[in-house]
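Novice: My structure file entry38.txt, compact mmCIF, C-alpha atoms and all ligand atoms, is below:
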# COMPACT_ATOMS: atom_id res chain seq x y z
CA MET A 10 0.00 0.00 0.00
CA LYS A 11 1.40 3.35 -1.06
CA ILE A 12 0.77 7.02 -0.37
CA LEU A 13 1.55 9.72 -2.96
CA ILE A 14 2.54 13.10 -1.51
CA THR A 15 2.54 15.84 -4.17
CA PRO A 16 3.23 19.21 -2.42
CA LYS A 17 6.74 20.53 -2.91
CA SER A 18 7.12 22.08 0.55
CA PHE A 19 5.93 18.90 2.32
CA LYS A 20 9.47 17.49 2.41
CA ASP A 21 10.51 20.12 4.99
CA TYR A 22 8.25 18.36 7.49
CA LYS A 23 8.90 14.76 6.54
CA ALA A 24 10.62 14.03 9.87
CA GLN A 25 7.36 14.85 11.70
CA THR A 26 4.98 13.18 9.22
CA PHE A 27 6.53 10.29 7.27
CA PRO A 28 6.97 8.06 10.39
CA LEU A 29 3.23 8.41 11.14
CA LEU A 30 2.47 6.80 7.76
CA GLU A 31 5.39 4.37 7.70
CA GLU A 32 4.54 2.86 11.07
CA LEU A 33 1.15 1.92 9.60
CA GLY A 34 2.91 0.07 6.79
CA TYR A 35 2.48 2.63 4.00
CA GLU A 36 5.24 3.19 1.47
CA ILE A 37 5.64 6.88 0.56
CA ILE A 38 6.09 8.30 -2.93
CA ALA A 39 7.25 11.89 -2.41
CA ASN A 40 7.52 14.65 -4.99
CA ASP A 41 11.22 15.32 -5.48
CA THR A 42 10.75 17.17 -8.77
CA GLY A 43 10.02 20.58 -7.21
CA LYS A 44 7.14 20.92 -9.70
CA THR A 45 3.37 20.55 -9.74
CA PHE A 46 2.40 17.22 -11.33
CA THR A 47 0.37 16.96 -14.53
CA GLU A 48 -2.60 14.60 -14.88
CA GLU A 49 -0.46 12.03 -16.72
CA GLU A 50 2.28 12.17 -14.10
CA ILE A 51 -0.18 11.52 -11.27
CA ILE A 52 -1.73 8.63 -13.17
CA GLY A 53 1.77 7.24 -13.79
CA LEU A 54 2.67 7.43 -10.10
CA ALA A 55 -0.68 6.56 -8.51
CA GLY A 56 -2.39 4.31 -11.06
CA GLU A 57 -1.88 1.20 -8.91
CA GLN A 58 -1.35 0.40 -5.23
CA VAL A 59 -1.73 4.01 -4.12
CA VAL A 60 -4.51 4.14 -1.52
CA GLY A 61 -4.05 7.75 -0.44
CA ILE A 62 -2.88 11.04 -1.92
CA ILE A 63 -1.83 14.13 0.01
CA VAL A 64 -2.35 16.76 -2.67
CA GLY A 65 -1.35 20.37 -3.21
CA VAL A 66 -2.63 22.17 -6.30
CA ASP A 67 -2.09 19.26 -8.72
CA PRO A 68 -5.13 18.36 -10.88
CA LEU A 69 -7.20 15.52 -9.41
CA THR A 70 -9.71 15.49 -12.26
CA GLU A 71 -12.27 12.77 -12.98
CA LYS A 72 -9.82 11.28 -15.48
CA VAL A 73 -7.08 11.06 -12.83
CA LEU A 74 -9.31 9.81 -10.00
CA SER A 75 -10.89 7.12 -12.16
CA ARG A 76 -7.48 5.85 -13.33
CA CYS A 77 -6.09 5.59 -9.75
CA ARG A 78 -7.82 2.29 -9.19
CA ASP A 79 -6.80 1.58 -5.57
CA LEU A 80 -7.34 5.16 -4.34
CA LYS A 81 -9.52 5.47 -1.23
CA ALA A 82 -8.73 8.90 0.20
CA VAL A 83 -7.47 12.33 -0.84
CA SER A 84 -6.17 14.71 1.80
CA LYS A 85 -5.74 18.34 0.77
CA TYR A 86 -2.55 20.04 1.94
CA GLY A 87 -4.37 23.33 2.41
CA VAL A 88 -8.05 24.28 2.19
CA GLY A 89 -9.12 25.19 -1.38
CA VAL A 90 -10.34 21.95 -3.02
CA ASP A 91 -11.14 23.38 -6.48
CA ASN A 92 -8.36 21.26 -8.06
CA ILE A 93 -10.21 18.11 -6.95
CA ASP A 94 -13.30 16.87 -8.82
CA LEU A 95 -15.44 16.34 -5.72
CA LYS A 96 -18.39 14.89 -7.65
CA ALA A 97 -16.16 12.29 -9.33
CA ALA A 98 -14.55 11.45 -5.98
CA GLU A 99 -17.96 10.88 -4.42
CA LYS A 100 -19.08 8.72 -7.35
CA LEU A 101 -15.90 6.64 -7.07
CA GLY A 102 -16.20 6.30 -3.26
CA ILE A 103 -13.01 8.31 -2.61
CA SER A 104 -13.05 10.35 0.63
CA VAL A 105 -11.78 13.95 0.48
CA GLU A 106 -10.85 16.22 3.39
CA SER A 107 -9.01 19.52 3.62
CA ALA A 108 -6.67 20.77 6.35
CA VAL A 109 -9.23 23.14 7.87
CA GLY A 110 -7.73 25.74 10.21
CA SER A 111 -4.13 25.12 9.09
CA ASN A 112 -3.46 28.34 7.18
CA ASN A 113 -6.27 30.80 7.93
CA ILE A 114 -4.10 33.10 10.07
CA SER A 115 -1.29 33.19 7.48
CA VAL A 116 -3.62 33.98 4.57
CA ALA A 117 -5.44 36.61 6.62
CA GLU A 118 -2.12 38.25 7.52
CA LEU A 119 -1.09 38.33 3.83
CA ALA A 120 -4.45 39.92 2.95
CA ILE A 121 -3.73 42.63 5.55
CA ALA A 122 -0.16 43.00 4.19
CA LEU A 123 -1.56 43.49 0.67
CA MET A 124 -3.93 46.16 2.02
CA PHE A 125 -0.99 48.05 3.52
CA GLU A 126 1.03 47.57 0.32
CA ALA A 127 -1.85 49.01 -1.71
CA ALA A 128 -2.32 51.87 0.79
CA ARG A 129 1.34 52.75 1.49
CA LYS A 130 3.28 51.19 -1.44
CA VAL A 131 6.10 49.99 0.82
CA SER A 132 7.82 47.92 -1.90
CA VAL A 133 7.66 50.82 -4.38
CA LEU A 134 9.15 53.26 -1.84
CA SER A 135 11.93 50.82 -0.96
CA ALA A 136 12.72 50.14 -4.64
CA ASN A 137 12.86 53.91 -5.30
CA VAL A 138 15.39 54.38 -2.51
CA LYS A 139 17.49 51.40 -3.62
CA ASN A 140 17.58 52.92 -7.11
CA GLY A 141 19.14 56.07 -5.68
CA GLY A 142 15.95 58.08 -5.21
CA TRP A 143 14.39 59.66 -2.15
CA ASP A 144 10.93 60.28 -3.63
CA ARG A 145 7.88 59.67 -1.52
CA VAL A 146 4.57 58.36 -2.81
CA GLN A 147 1.55 59.67 -0.97
CA GLY A 148 -0.46 56.94 0.72
CA ILE A 149 -3.79 56.64 2.49
CA GLU A 150 -4.70 55.51 6.02
CA LEU A 151 -6.64 52.29 6.57
CA THR A 152 -8.08 53.46 9.90
CA GLY A 153 -11.59 54.81 9.43
CA LYS A 154 -12.07 53.13 6.06
CA THR A 155 -14.88 50.66 5.28
CA ILE A 156 -13.87 47.16 4.27
CA GLY A 157 -16.24 44.71 2.63
CA VAL A 158 -15.21 41.17 3.53
CA ILE A 159 -16.75 38.79 0.98
CA GLY A 160 -16.99 35.34 2.56
CA GLY A 161 -17.06 34.88 6.32
CA GLY A 162 -15.36 31.51 6.70
CA GLN A 163 -12.07 30.61 8.38
CA ILE A 164 -10.00 33.29 6.58
CA GLY A 165 -12.64 35.99 6.14
CA ARG A 166 -13.28 36.04 9.89
CA GLU A 167 -9.58 36.46 10.69
CA VAL A 168 -9.37 39.34 8.21
CA ALA A 169 -12.50 40.92 9.67
CA LYS A 170 -11.11 40.74 13.23
CA ARG A 171 -7.79 42.26 12.17
CA ALA A 172 -9.49 45.02 10.17
CA LYS A 173 -11.58 45.82 13.25
CA GLY A 174 -8.34 46.02 15.25
CA LEU A 175 -7.06 48.58 12.74
CA GLY A 176 -10.10 50.77 13.37
CA MET A 177 -11.89 49.95 10.13
CA PHE A 178 -15.64 49.64 9.68
CA VAL A 179 -16.24 46.00 8.66
CA VAL A 180 -19.17 44.86 6.53
CA LEU A 181 -19.48 41.16 5.78
CA TYR A 182 -21.23 39.61 2.80
CA ASP A 183 -21.88 35.87 3.06
CA PRO A 184 -25.37 34.52 2.32
CA TYR A 185 -24.59 31.35 4.32
CA PHE A 186 -23.28 33.10 7.46
CA ASN A 187 -25.21 32.38 10.66
CA ASP A 188 -22.89 33.22 13.57
CA SER A 189 -24.56 36.26 15.10
CA GLU A 190 -22.38 35.94 18.22
CA PHE A 191 -19.26 36.57 16.09
CA LEU A 192 -20.84 39.71 14.62
CA ARG A 193 -21.85 40.99 18.05
CA GLN A 194 -18.48 40.19 19.65
CA TYR A 195 -16.44 42.03 17.03
CA GLY A 196 -18.91 44.74 16.03
CA ILE A 197 -19.19 43.54 12.42
CA VAL A 198 -22.19 44.25 10.22
CA LEU A 199 -23.64 41.50 8.00
CA CYS A 200 -25.17 42.81 4.77
CA ASP A 201 -27.30 40.63 2.49
CA SER A 202 -26.59 42.63 -0.68
CA LEU A 203 -23.28 42.15 -2.49
CA LYS A 204 -24.05 45.22 -4.59
CA ALA A 205 -24.50 47.38 -1.50
CA VAL A 206 -21.25 46.13 0.05
CA LEU A 207 -19.31 46.80 -3.16
CA ALA A 208 -20.75 50.30 -3.42
CA MET A 209 -20.10 51.33 0.20
CA SER A 210 -16.59 49.86 0.68
CA ASP A 211 -13.18 51.49 0.37
CA LEU A 212 -11.58 48.04 0.33
CA ILE A 213 -12.99 44.70 -0.79
CA SER A 214 -11.33 41.47 0.32
CA LEU A 215 -12.38 38.14 -1.24
CA HIS A 216 -12.44 35.02 0.95
CA LEU A 217 -14.52 32.61 -1.10
CA PRO A 218 -14.19 29.10 -2.44
CA LEU A 219 -14.10 28.91 -6.24
CA THR A 220 -17.44 27.39 -7.28
CA PRO A 221 -19.74 27.90 -10.30
CA GLU A 222 -21.61 30.43 -8.12
CA THR A 223 -18.52 32.48 -7.20
CA LYS A 224 -16.56 32.30 -10.48
CA TYR A 225 -16.16 35.87 -11.83
CA ILE A 226 -18.07 37.31 -8.86
CA ILE A 227 -15.94 40.38 -9.65
CA ASN A 228 -16.77 41.20 -13.27
CA SER A 229 -17.46 44.26 -15.44
CA ASP A 230 -20.86 44.80 -13.78
CA THR A 231 -19.71 44.42 -10.17
CA LEU A 232 -16.52 46.46 -10.78
CA LYS A 233 -18.75 49.33 -11.94
CA LEU A 234 -20.36 49.42 -8.49
CA MET A 235 -17.05 49.98 -6.69
CA LYS A 236 -15.70 53.41 -5.76
CA PRO A 237 -12.95 54.85 -8.03
CA SER A 238 -10.76 55.06 -4.89
CA SER A 239 -11.38 51.44 -3.91
CA ILE A 240 -8.83 48.68 -3.38
CA LEU A 241 -9.56 45.07 -4.33
CA ILE A 242 -7.75 42.30 -2.43
CA ASN A 243 -7.90 38.70 -3.65
CA THR A 244 -6.10 35.99 -1.70
CA SER A 245 -8.63 33.28 -2.62
CA ARG A 246 -8.62 32.12 -6.24
CA GLY A 247 -7.80 33.93 -9.49
CA GLU A 248 -11.01 32.97 -11.26
CA LEU A 249 -13.15 34.84 -8.74
CA VAL A 250 -12.15 37.88 -10.79
CA ASP A 251 -12.72 38.38 -14.53
CA GLU A 252 -9.19 39.56 -15.28
CA GLU A 253 -10.06 41.18 -18.61
CA SER A 254 -12.61 43.43 -16.88
CA LEU A 255 -10.21 44.06 -14.01
CA TYR A 256 -7.55 45.20 -16.49
CA THR A 257 -9.95 47.71 -18.04
CA ALA A 258 -11.10 48.99 -14.64
CA LEU A 259 -7.52 49.48 -13.41
CA LYS A 260 -6.30 51.03 -16.66
CA GLU A 261 -9.19 53.47 -16.73
CA LYS A 262 -8.75 54.12 -12.96
CA ARG A 263 -12.34 53.02 -12.31
CA ILE A 264 -10.90 51.36 -9.20
CA ALA A 265 -7.61 52.44 -7.60
CA VAL A 266 -5.63 49.25 -6.93
CA ALA A 267 -5.99 45.47 -7.11
CA ALA A 268 -3.65 43.36 -4.99
CA GLN A 269 -3.79 39.60 -5.50
CA ASP A 270 -2.00 36.50 -4.27
CA VAL A 271 -3.66 34.34 -6.89
CA PHE A 272 -4.13 34.37 -10.64
CA SER A 273 -6.25 32.49 -13.15
CA LYS A 274 -3.13 30.90 -14.66
CA GLU A 275 -0.32 30.39 -12.16
CA PRO A 276 2.35 31.42 -12.89
CA PRO A 277 1.02 34.08 -15.28
CA SER A 278 2.69 34.46 -18.65
CA PRO A 279 5.47 37.12 -18.53
CA ASP A 280 3.63 39.25 -21.11
CA GLU A 281 0.40 39.21 -19.09
CA LYS A 282 -0.92 42.75 -19.49
CA LEU A 283 -2.13 43.12 -15.88
CA LEU A 284 1.50 42.75 -14.76
CA LYS A 285 2.39 45.89 -16.70
CA LEU A 286 0.07 48.07 -14.62
CA ASP A 287 1.47 50.03 -11.65
CA ASN A 288 -1.82 49.69 -9.80
CA PHE A 289 -1.84 45.88 -10.00
CA ILE A 290 0.07 43.94 -7.33
CA LEU A 291 0.62 40.18 -7.51
CA THR A 292 2.32 37.79 -5.08
CA PRO A 293 3.03 34.16 -6.07
CA HIS A 294 0.26 32.28 -4.20
CA ALA A 295 2.24 32.73 -1.00
CA GLY A 296 -0.66 33.20 1.42
CA ALA A 297 -0.19 29.90 3.22
CA TYR A 298 3.58 29.86 2.85
CA THR A 299 4.70 30.61 6.39
CA ALA A 300 6.71 28.36 8.68
CA GLU A 301 3.71 27.93 10.97
CA ALA A 302 1.08 27.23 8.31
CA VAL A 303 3.25 24.82 6.32
CA GLU A 304 3.95 22.78 9.44
CA ARG A 305 0.23 22.65 10.32
CA MET A 306 -0.74 21.80 6.74
CA ALA A 307 1.72 18.87 6.70
CA LEU A 308 0.56 17.57 10.07
CA TYR A 309 -3.19 18.08 9.60
CA SER A 310 -3.21 16.59 6.09
CA THR A 311 -1.28 13.52 7.31
CA GLN A 312 -3.60 13.03 10.28
CA ASN A 313 -6.69 13.51 8.07
CA LEU A 314 -5.42 10.93 5.58
CA ILE A 315 -4.73 8.37 8.31
CA ARG A 316 -8.21 8.90 9.76
CA MET A 317 -9.91 8.55 6.36
CA LEU A 318 -7.96 5.36 5.54
CA LYS A 319 -8.93 3.79 8.89
CA HIS A 320 -12.63 3.99 8.02
P1 LIG B 401 -14.17 28.62 4.19
O1 LIG B 401 -14.82 27.47 3.51
O2 LIG B 401 -13.90 28.53 5.64
O3 LIG B 401 -15.03 29.95 3.95
C1 LIG B 401 -15.61 30.27 2.72
C2 LIG B 401 -16.81 31.16 3.03
O4 LIG B 401 -17.34 31.61 1.79
C3 LIG B 401 -17.94 30.42 3.76
O5 LIG B 401 -18.28 31.14 4.93
C4 LIG B 401 -19.09 30.41 2.75
O6 LIG B 401 -20.36 30.52 3.36
C5 LIG B 401 -18.77 31.66 1.93
N1 LIG B 401 -19.39 31.67 0.63
C6 LIG B 401 -19.61 30.64 -0.22
N2 LIG B 401 -20.22 31.07 -1.33
C7 LIG B 401 -20.39 32.42 -1.19
C8 LIG B 401 -20.93 33.44 -2.01
N3 LIG B 401 -21.44 33.17 -3.20
N4 LIG B 401 -20.91 34.70 -1.54
C9 LIG B 401 -20.40 35.01 -0.33
N5 LIG B 401 -19.88 34.08 0.51
C10 LIG B 401 -19.87 32.80 0.07
O7 LIG B 401 -12.85 28.90 3.37
P2 LIG B 401 -11.55 29.69 3.88
O8 LIG B 401 -10.68 28.77 4.66
O9 LIG B 401 -11.96 30.99 4.47
O10 LIG B 401 -10.81 29.92 2.48
C11 LIG B 401 -11.34 30.77 1.49
C12 LIG B 401 -10.58 30.53 0.20
O11 LIG B 401 -9.24 31.01 0.34
C13 LIG B 401 -10.37 29.05 -0.12
O12 LIG B 401 -11.47 28.47 -0.75
C14 LIG B 401 -9.17 29.08 -1.01
O13 LIG B 401 -9.60 29.20 -2.35
C15 LIG B 401 -8.42 30.33 -0.59
N6 LIG B 401 -7.12 30.05 0.01
C16 LIG B 401 -6.03 30.66 -0.52
C17 LIG B 401 -4.78 30.44 0.04
C18 LIG B 401 -3.56 31.14 -0.50
O14 LIG B 401 -2.46 30.63 -0.33
N7 LIG B 401 -3.70 32.30 -1.09
C19 LIG B 401 -4.65 29.58 1.13
C20 LIG B 401 -5.78 29.02 1.67
C21 LIG B 401 -7.02 29.25 1.10
Give the structure from the file, written as structure tokens.
Ligand code: NAD

Specialist:
Amino acid sequence: MKILITPKSFKDYKAQTFPLLEELGYEIIANDTGKTFTEEEIIGLAGEQVVGIIVGVDPLTEKVLSRCRDLKAVSKYGVGVDNIDLKAAEKLGISVESAVGSNNISVAELAIALMFEAARKVSVLSANVKNGGWDRVQGIELTGKTIGVIGGGQIGREVAKRAKGLGMFVVLYDPYFNDSEFLRQYGIVLCDSLKAVLAMSDLISLHLPLTPETKYIINSDTLKLMKPSSILINTSRGELVDEESLYTALKEKRIAVAAQDVFSKEPPSPDEKLLKLDNFILTPHAGAYTAEAVERMALYSTQNLIRMLKH
């Protein structure tokens, strides 16, 4: 019985995790390539005898899942499961779990960092100085601003709490949210209209799963509702935003800045036109890449896999 482990950064925590699997008799196939696997590569490695996969962002499509004939469980090293065909997994009797709570603080902190970068342009100022300049770029304060947090799950709540701590007015949009105690405790307002939240906010931060319902939730129509001074933060998934419409809105200064940790195609092509805009900021899907989150993701995903395989 074998376990395939695809995430590149998993190897840093193999001393803490591999023995947990090995003592149960599993042989481990680790990813030593430093790359994300393709469908064919996963099928080649996990087609037979592999009962469990700990997966990063590699594609576990219906084609892959159906060709991994001994596969019983998939454990996500992280939380976004949009690279896994959940319907196919269910049909094939393959259990799927994500490492809930492993990286919410880290992603929330990056979202806040992107807000400060958009507001104060720290990396631009530093680059100016390193290039021999001493020019300042005028910023804005976050305190007193209204932030619309779209999605009130594990990460959205951490962002909302931190924004409250910064003295911001926090409005949450999440049609499935039902924790009134959280709203009361932190003084957060729940609004049932996305349009209203987009129109009233100085900053919008997306904390949504990518689903058919949320794909392109930010599009030419919704961008039109936002203030020209507004800042869009996306640390969730690239396809929540229609990038063509975002490009037009940023170029025409219909919104002020977009700062993202994710992109529809990762990595983006070097001639991607959004990358040429000064008011577009992109980090390389680094939200969960902290020492603390990576350790938790490795441990939680290993424990989840062991639990699923025991059933
Ligand atoms: P979560 O499941 O805890 O929360 C998602 C929230 O979105 C839920 O409260 C749900 O009710 C809400 N929601 C669903 N559909 C909605 C809609 N149409 N409108 C408004 N709200 C809606 O997920 P999470 O842990 O907070 O993670 C959010 C996303 O962040 C993940 O799905 C993943 O894509 C992304 N993520 C990115 C990184 C990174 O490295 N950048 C790391 C972890 C997660």

Novice: For Leu241 (chain A), find every residue with an atom within 6 Å (counting only C-alpha atoms), except residues of its own chain fewer than 2 positions away, and show them as a list of chain:residue names.

Specialist: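 Near neighbours after the sequence-gap exclusion: A:Leu212, A:Ile213, A:Ala267.
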
Novice: Using only C-alpha atoms, determine which residues lie at most 7 Å from Gly87 (chain A), disregarding the query and same-chain residues fewer than 4 positions distant; provide the list as a ChimeraX atom specification.

Specialist: /A:107-108,111-112,306

Novice: Let me see the file: selected residues, C-alpha atoms, as a PDB file, in the frame of the given file.

Specialist:
ATOM      1  CA  SER A 107      -9.010  19.520   3.620  1.00  0.00           C
ATOM      2  CA  ALA A 108      -6.670  20.770   6.350  1.00  0.00           C
ATOM      3  CA  SER A 111      -4.130  25.120   9.090  1.00  0.00           C
ATOM      4  CA  ASN A 112      -3.460  28.340   7.180  1.00  0.00           C
ATOM      5  CA  MET A 306      -0.740  21.800   6.740  1.00  0.00           C
TER       6      MET A 306
END

Novice: I need the residue nearest ligand LIG 401 (chain B) from this list: A:Gly61, A:Gly176, A:Gly165, A:Gly196. Use all atoms listed in the file for the distance.

Specialist: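 Result for the nearest residue to ligand LIG 401 (chain B): A:Gly165.
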
Novice: For Pro277 (chain A), please output as a list in words all residues within 12 Å (counting all atoms listed in the file; exclusion window: fewer than 3 positions along the same chain).

Specialist: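 Listed by chain and then number, they are Gly247, Glu252, Asp270, Val271, Phe272, Ser273, Lys274, Asp280, Glu281, Lys282, Leu283, Leu284, Lys285, Leu291, Thr292, Pro293 and His294 of chain A.
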
Novice: Would you compute the distance between CA of Asp41 (chain A) and CA of Lys17 (chain A)? Give it in Å to one decimal.

Specialist: 7.3 Å

Novice: Go through A:Lys100, A:Arg129, A:Lys224, A:Lys81 one by one, measure the shortest atom-to-atom distance of each to ligand LIG 401 (chain B) using only C-alpha atoms and all ligand atoms, and give the residue with the smallest value.

Specialist: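 Ranked by minimum distance to ligand LIG 401 (chain B), first place goes to A:Lys224.
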
Novice: Distance limit 8 Å, reference ligand LIG 401 (chain B), atoms considered: only C-alpha atoms and all ligand atoms. Which residues make the cut? Give them as a ChimeraX atom specification.

Specialist: /A:87-91,109-110,112-113,116,159-166,182-186,203,215-220,222-223,226,244-246,270-271,294-298

Novice: Interatomic distance between CA of Val60 (chain A) and CA of Ile12 (chain A)?

Specialist: 6.1 Å

Novice: Ile14 (chain A): which residues within 10 Å, counting only C-alpha atoms, same-chain residues fewer than 6 positions away excluded, as a list in words?

Specialist: Lys20, Ile37, Ile38, Ala39, Asn40, Asp41, Gly61, Ile62, Ile63, Val64, Gly65, Ser84, Tyr86 and Thr311 of chain A

Novice: Neighbours of Ala208 (chain A) within 10 Å (only C-alpha atoms; same-chain residues fewer than 5 positions away dropped), as a list in words?

Specialist: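 The residues satisfying every condition are Gly157, Leu203, Ile213, Thr231, Leu232, Lys233, Leu234, Met235, Lys236 and Ser239 of chain A.
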
Novice: Padding 5 Å on each side, edges along x, y and z: where is the centre of the box around the listed atoms of region 115-132 of chain A, and how long are its edges in Å to one decimal? Output it as AutoDock Vina command-line options.

Specialist:
--center_x 1.2 --center_y 43.0 --center_z 2.8 --size_x 23.3 --size_y 29.6 --size_z 19.4

Novice: Given only C-alpha atoms as the basis, pick out the residue of A:Ser254, A:Arg305, A:Ile290, A:Glu49 nearest to Val133 (chain A).

Specialist: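 For Val133 (chain A), the nearest of the given residues is A:Ile290.
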
Novice: Find the distance between CA of Leu308 (chain A) and CA of Leu249 (chain A) and write it in Å to one decimal.

Specialist: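 About the pair CA of Leu308 (chain A) and CA of Leu249 (chain A): they are 29.0 Å apart.
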
Novice: The residues within 12 Å of (-17.1, 12.5, -7.0), using all atoms listed in the file and the coordinates of the file, should be reported as a list of chain:residue names; which are they?

Specialist: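 The residues near that point, listed by chain and number, are A:Leu69, A:Thr70, A:Glu71, A:Lys72, A:Val73, A:Leu74, A:Ser75, A:Lys81, A:Ala82, A:Val83, A:Ile93, A:Asp94, A:Leu95, A:Lys96, A:Ala97, A:Ala98, A:Glu99, A:Lys100, A:Leu101, A:Gly102, A:Ile103, A:Ser104, A:Val105.
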